[in-house]
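Step one of this worksheet: look at the structure below.
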Amino acid sequence: MILDLDIGNTLSKWRLKDADSSEIRSRGAVWTREEWRPGSDIPDLDVVEAVRISSVARKAVLEETVSLLRHRVGVVHVARSTPESLGVTNGYEEPERLGVDRWLGALAGYQLAGGCCAVDCGSAITIDFVLPGGRHLGGYILPGLRLMKESLKLGTRNVAIDPDSEAEELLAPGRRTVEAVNHGIYMAAVSAINRVYAEVCDSEGVALPLLLTGGDARVVSRGIQVPHAVWPDMVYGGLEACFPLTAAERAGRMSGAPRVPSPVSLEKIRAGLAFSMLL
Ligand SMILES: Nc1ncnc2c1ncn2[C@@H]1O[C@H](COP(=O)(O)OP(=O)(O)O)[C@@H](O)[C@H]1O
Ligand SMILES: CC(C)(COP(=O)(O)O)[C@@H](O)C(=O)NCCC(=O)O
Ligand SMILES: [K+]
């Protein structure tokens with residue numbers, strides 16, 4: 001079995017992948033702040049022959065995780081942001097400072113779709129652009145839905161946005177504090193993504209496939225007007241591309257990859273942008 005680990009600021013996600021069949025056998029998540037204790041939702045390390053890790057948590061978390069795993073598992077790969085990989089050139093002035101989850105998302109998106117806009121809706125919402133040809137432009141970081149809500153300190157932090165709500169409902173004026181907060185932060189997130197996508201496609205002169213991932217991807221997806229795909233395993237896809245271990249991975253196939261969404265035409269994107277500027 002291969003253990004893939006995606007350690008974010010909020011949740012540490014894991015999945016076990018069968019090295020022979022390439023099937024995903026199990027998955028789970030633990031809070032990043034908590035230790036990996038027996039009995040909690042952690043994988044059985046006895047069956048693991050290789051581990052691949054993406055981590056944006058504090059350095060100590062990664063160090064502890066790696067030292068725990070090295071005792072038990074033969075092969076441990078830790079992903080790092082680099083100046084260039086798999087045909088993508090990192091747009092950061094200091095490439096190693098780009099969050100590795102963003103880098104892996106950009107690599108996976110490029111491998112799947114060529115140029116792309118990769119959006120990760122987790123603790124933070126990150127929006128990264130890779131042009132056809134592989135130039136990563138850099139991107140945008142804004143607080144995620146939960147962080148925005150917590151920062152308001154209005155006593156609404158424990159009332160999450162219902163992930164099954166319709167976008168229309170979530171974008172309507174709130175008539176109670178909790179609703180006003182939930183609808184406000186939802187509006188902030190989706191309008192930022194819609195706008196940034198249109199602005200960058202416009203200025204680069206290319207309509208890019210849009211891919212969403214992260215814990216809030218599903219709910220954010222409903223507020224995104226342009227065609228896009230939700231790819232929960234996008235960061236894992238980057239790990240597969242960087243450290244291919246199975247036959248399917250070596251052939252460039254990433255688990256759970258969606259069909260590439262066909263973007264609307266650049267003309268339509270530009271028309272939408274021009275229209276929103278007039279309002
Ligand atoms: N079951 C869940 N448990 C915790 N957070 C969830 C859950 N479902 C959705 N979320 C949302 O997803 C975010 C965490 O997403 P994730 O992509 O795992 O973040 P990170 O990679 O930053 O740890 C939370 O901030 C919250 O808004
Ligand atoms: C921006 C992030 C905090 C997002 O992390 P996440 O929300 O997935 O936990 C992470 O990618 C990070 O720590 N990046 C380093 C700073 C940067 O990318 O510029
Ligand atoms: K994120």
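If you're wondering about the labels, chains in the structure tokens are A, B, ... by order shown, residues count from 1 in each chain, ligands from 1 in order shown.
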
Legend entry - Spatial neighbours of segment 60-68 of chain A, 10 Å, only C-alpha atoms, chain gap at least 6 places, as a list of chain:residue names: A:Leu5, A:Ile7, A:Thr32, A:Arg33, A:Glu34, A:Glu35, A:Trp36, A:Val51, A:Ile53, A:Ser54, A:Val76, A:His77, A:Val78

Legend entry - His228 of chain A surroundings by only C-alpha atoms, 9 Å radius, close-in-sequence under 2 positions cut, as a VMD selection string: chain A and resid 209 to 212 221 224 to 226 230 260 to 263

Inset, instruction - DSSP on the backbone, then: every residue of segment 43-241 of chain A marked strand (DSSP E), written as a PyMOL selection string. - result: chain A and resi 50-55+75-78+84-85+88-89+116-121+124-130+136-143+210-213+229-230

Inset, instruction - Please report, as a PyMOL selection string, each residue of segment 32-198 of chain A to which DSSP assigns helix (DSSP H, G or I) when run on this structure's backbone. - result: chain A and resi 45-47+59-72+95-97+100-113+145-152+167-171+177-198

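Around ligand 2, the neighbouring residues within 6 Å, taking only C-alpha atoms and all ligand atoms, come to Gly8, Asn9, Val56, Arg97, Leu98, Gly99, Asp101, Arg102, Gly122, Ser123, Ala124 and Ile141 of chain A.
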
Return as an mmCIF file with C-alpha atoms, in the first residue's frame every polymer residue, whether protein, DNA or RNA, with at least one atom no more than 12 Å from an atom of ligand 3; count only C-alpha atoms and all ligand atoms.
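Listing of out_8.cif after writing:
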data_model
loop_
_atom_site.group_PDB
_atom_site.id
_atom_site.type_symbol
_atom_site.label_atom_id
_atom_site.label_comp_id
_atom_site.auth_asym_id
_atom_site.auth_seq_id
_atom_site.Cartn_x
_atom_site.Cartn_y
_atom_site.Cartn_z
ATOM 1 C CA ASP A 6 -1.886 16.010 2.708
ATOM 2 C CA ILE A 7 -1.177 17.983 5.869
ATOM 3 C CA GLY A 8 -3.053 21.277 5.766
ATOM 4 C CA ASN A 9 -3.369 23.980 8.406
ATOM 5 C CA THR A 10 -6.689 22.557 9.615
ATOM 6 C CA LEU A 11 -6.875 18.897 8.626
ATOM 7 C CA SER A 55 2.719 19.534 4.289
ATOM 8 C CA VAL A 56 2.102 23.231 4.877
ATOM 9 C CA ALA A 57 1.827 22.897 8.636
ATOM 10 C CA LEU A 98 5.295 28.839 -2.606
ATOM 11 C CA GLY A 99 3.077 26.595 -0.439
ATOM 12 C CA VAL A 100 3.752 23.031 -1.555
ATOM 13 C CA ASP A 101 0.001 22.252 -1.700
ATOM 14 C CA ARG A 102 -0.350 25.057 -4.233
ATOM 15 C CA TRP A 103 2.634 23.787 -6.198
ATOM 16 C CA LEU A 104 1.281 20.227 -6.271
ATOM 17 C CA GLY A 105 -2.148 21.521 -7.328
ATOM 18 C CA ALA A 118 -6.212 25.873 -9.679
ATOM 19 C CA VAL A 119 -8.263 26.967 -6.662
ATOM 20 C CA ASP A 120 -7.813 25.337 -3.236
ATOM 21 C CA CYS A 121 -10.614 26.157 -0.771
ATOM 22 C CA GLY A 122 -9.167 25.114 2.589
ATOM 23 C CA SER A 123 -8.061 27.108 5.656
ATOM 24 C CA ALA A 124 -6.968 29.636 3.088
ATOM 25 C CA ILE A 125 -8.370 29.995 -0.408
ATOM 26 C CA THR A 126 -5.558 29.999 -2.930
ATOM 27 C CA ILE A 127 -5.913 30.763 -6.634
ATOM 28 C CA ASP A 128 -2.992 29.831 -8.889
ATOM 29 C CA GLY A 139 -1.506 33.614 -7.494
ATOM 30 C CA TYR A 140 -3.735 34.929 -4.742
ATOM 31 C CA ILE A 141 -4.255 33.972 -1.105
ATOM 32 C CA LEU A 142 -7.347 34.907 0.857
ATOM 33 C CA PRO A 143 -8.766 33.626 4.126
ATOM 34 C CA GLY A 144 -10.898 30.498 3.806
ATOM 35 C CA LEU A 145 -14.583 30.431 4.766
ATOM 36 C CA ARG A 146 -13.920 29.245 8.291
ATOM 37 C CA LEU A 147 -11.127 31.730 8.951
ATOM 38 C CA LEU A 212 -11.379 23.451 -7.533
ATOM 39 C CA THR A 213 -10.204 21.430 -4.556
ATOM 40 C CA GLY A 214 -10.169 21.604 -0.724
ATOM 41 C CA GLY A 215 -12.669 21.060 2.078
ATOM 42 C CA ASP A 216 -14.993 23.847 0.890
ATOM 43 C CA ALA A 217 -14.722 23.135 -2.842
ATOM 44 C CA PRO A 232 -10.969 16.577 -4.277
ATOM 45 C CA MET A 234 -5.857 17.405 -6.755
ATOM 46 C CA VAL A 235 -3.017 17.689 -4.203
#

Inset, instruction - Fewer than 4 positions away in the same chain doesn't count, so skip those; otherwise give me all residues within 6 Å of Phe129 of chain A, counting only C-alpha atoms, as JSON, numbers by chain. - result: {"A": [116, 117, 136, 137]}

Inset, instruction - Within 12 Å of Val181 of chain A, counting only C-alpha atoms, which residues show up once you throw out same-chain ones fewer than 4 positions away? Write them as an MDAnalysis selection string, please. - result: chainID A and resid 145:161 170:177 185:188

Inset, instruction - Excluding segment 247-252 of chain A and residues on its chain fewer than 3 positions from it, collect all residues at most 8 Å away from it, counting only C-alpha atoms, and give them as a list of chain:residue names. - result: A:Asp20, A:Ser22, A:Gln111, A:Glu240, A:Ala241, A:Pro244

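Of the listed residues (A:Thr82, A:Ser255, A:Thr246, A:Asn182), A:Thr246 comes nearest to Met1 of chain A; the distances count only C-alpha atoms.
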
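Put simply, atom CA of Gly134 of chain A is 7.1 Å away from atom CA of Tyr110 of chain A.
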
Inset, instruction - Find the residues near Asp164 of chain A: any atom within 10 Å, counting only C-alpha atoms, skip ones fewer than 3 places away on the same chain, and give them as a list in words. - result: Ile161, Ala167, Arg218, Val219 and Arg222 of chain A

Inset, instruction - Would you mind listing what lies within 8 Å of Lys17 of chain A as a list of chain:residue names, with only C-alpha atoms counted and same-chain residues fewer than 4 positions away left out? - result: A:Met1, A:Ile2, A:Leu3, A:Asp4, A:Ser22, A:Glu23, A:Ile24, A:Arg25, A:Ser26

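Across the structure, atom CA of Glu49 of chain A and atom CA of Ala29 of chain A are spaced 19.9 Å apart.
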
Inset, instruction - Find, counting only C-alpha atoms and all ligand atoms, the residue in A:Pro95, A:Gly223, A:Pro163, A:Gly109 that gets nearest to ligand 1. - result: A:Pro163

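Closest to ligand 1 among A:Arg27, A:Lys13, A:Arg72, A:Arg253 is A:Lys13, based on only C-alpha atoms and all ligand atoms.
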
Inset, instruction - Rounded to one decimal place, report the atom CA of Ser276 of chain A-atom CA of Glu169 of chain A distance in Å. - result: 21.0 Å

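You can rank A:Trp231, A:Ala19, A:Pro43, A:Gly87 by their closest distance to ligand 1 using only C-alpha atoms and all ligand atoms, and at the top of that list sits A:Trp231.
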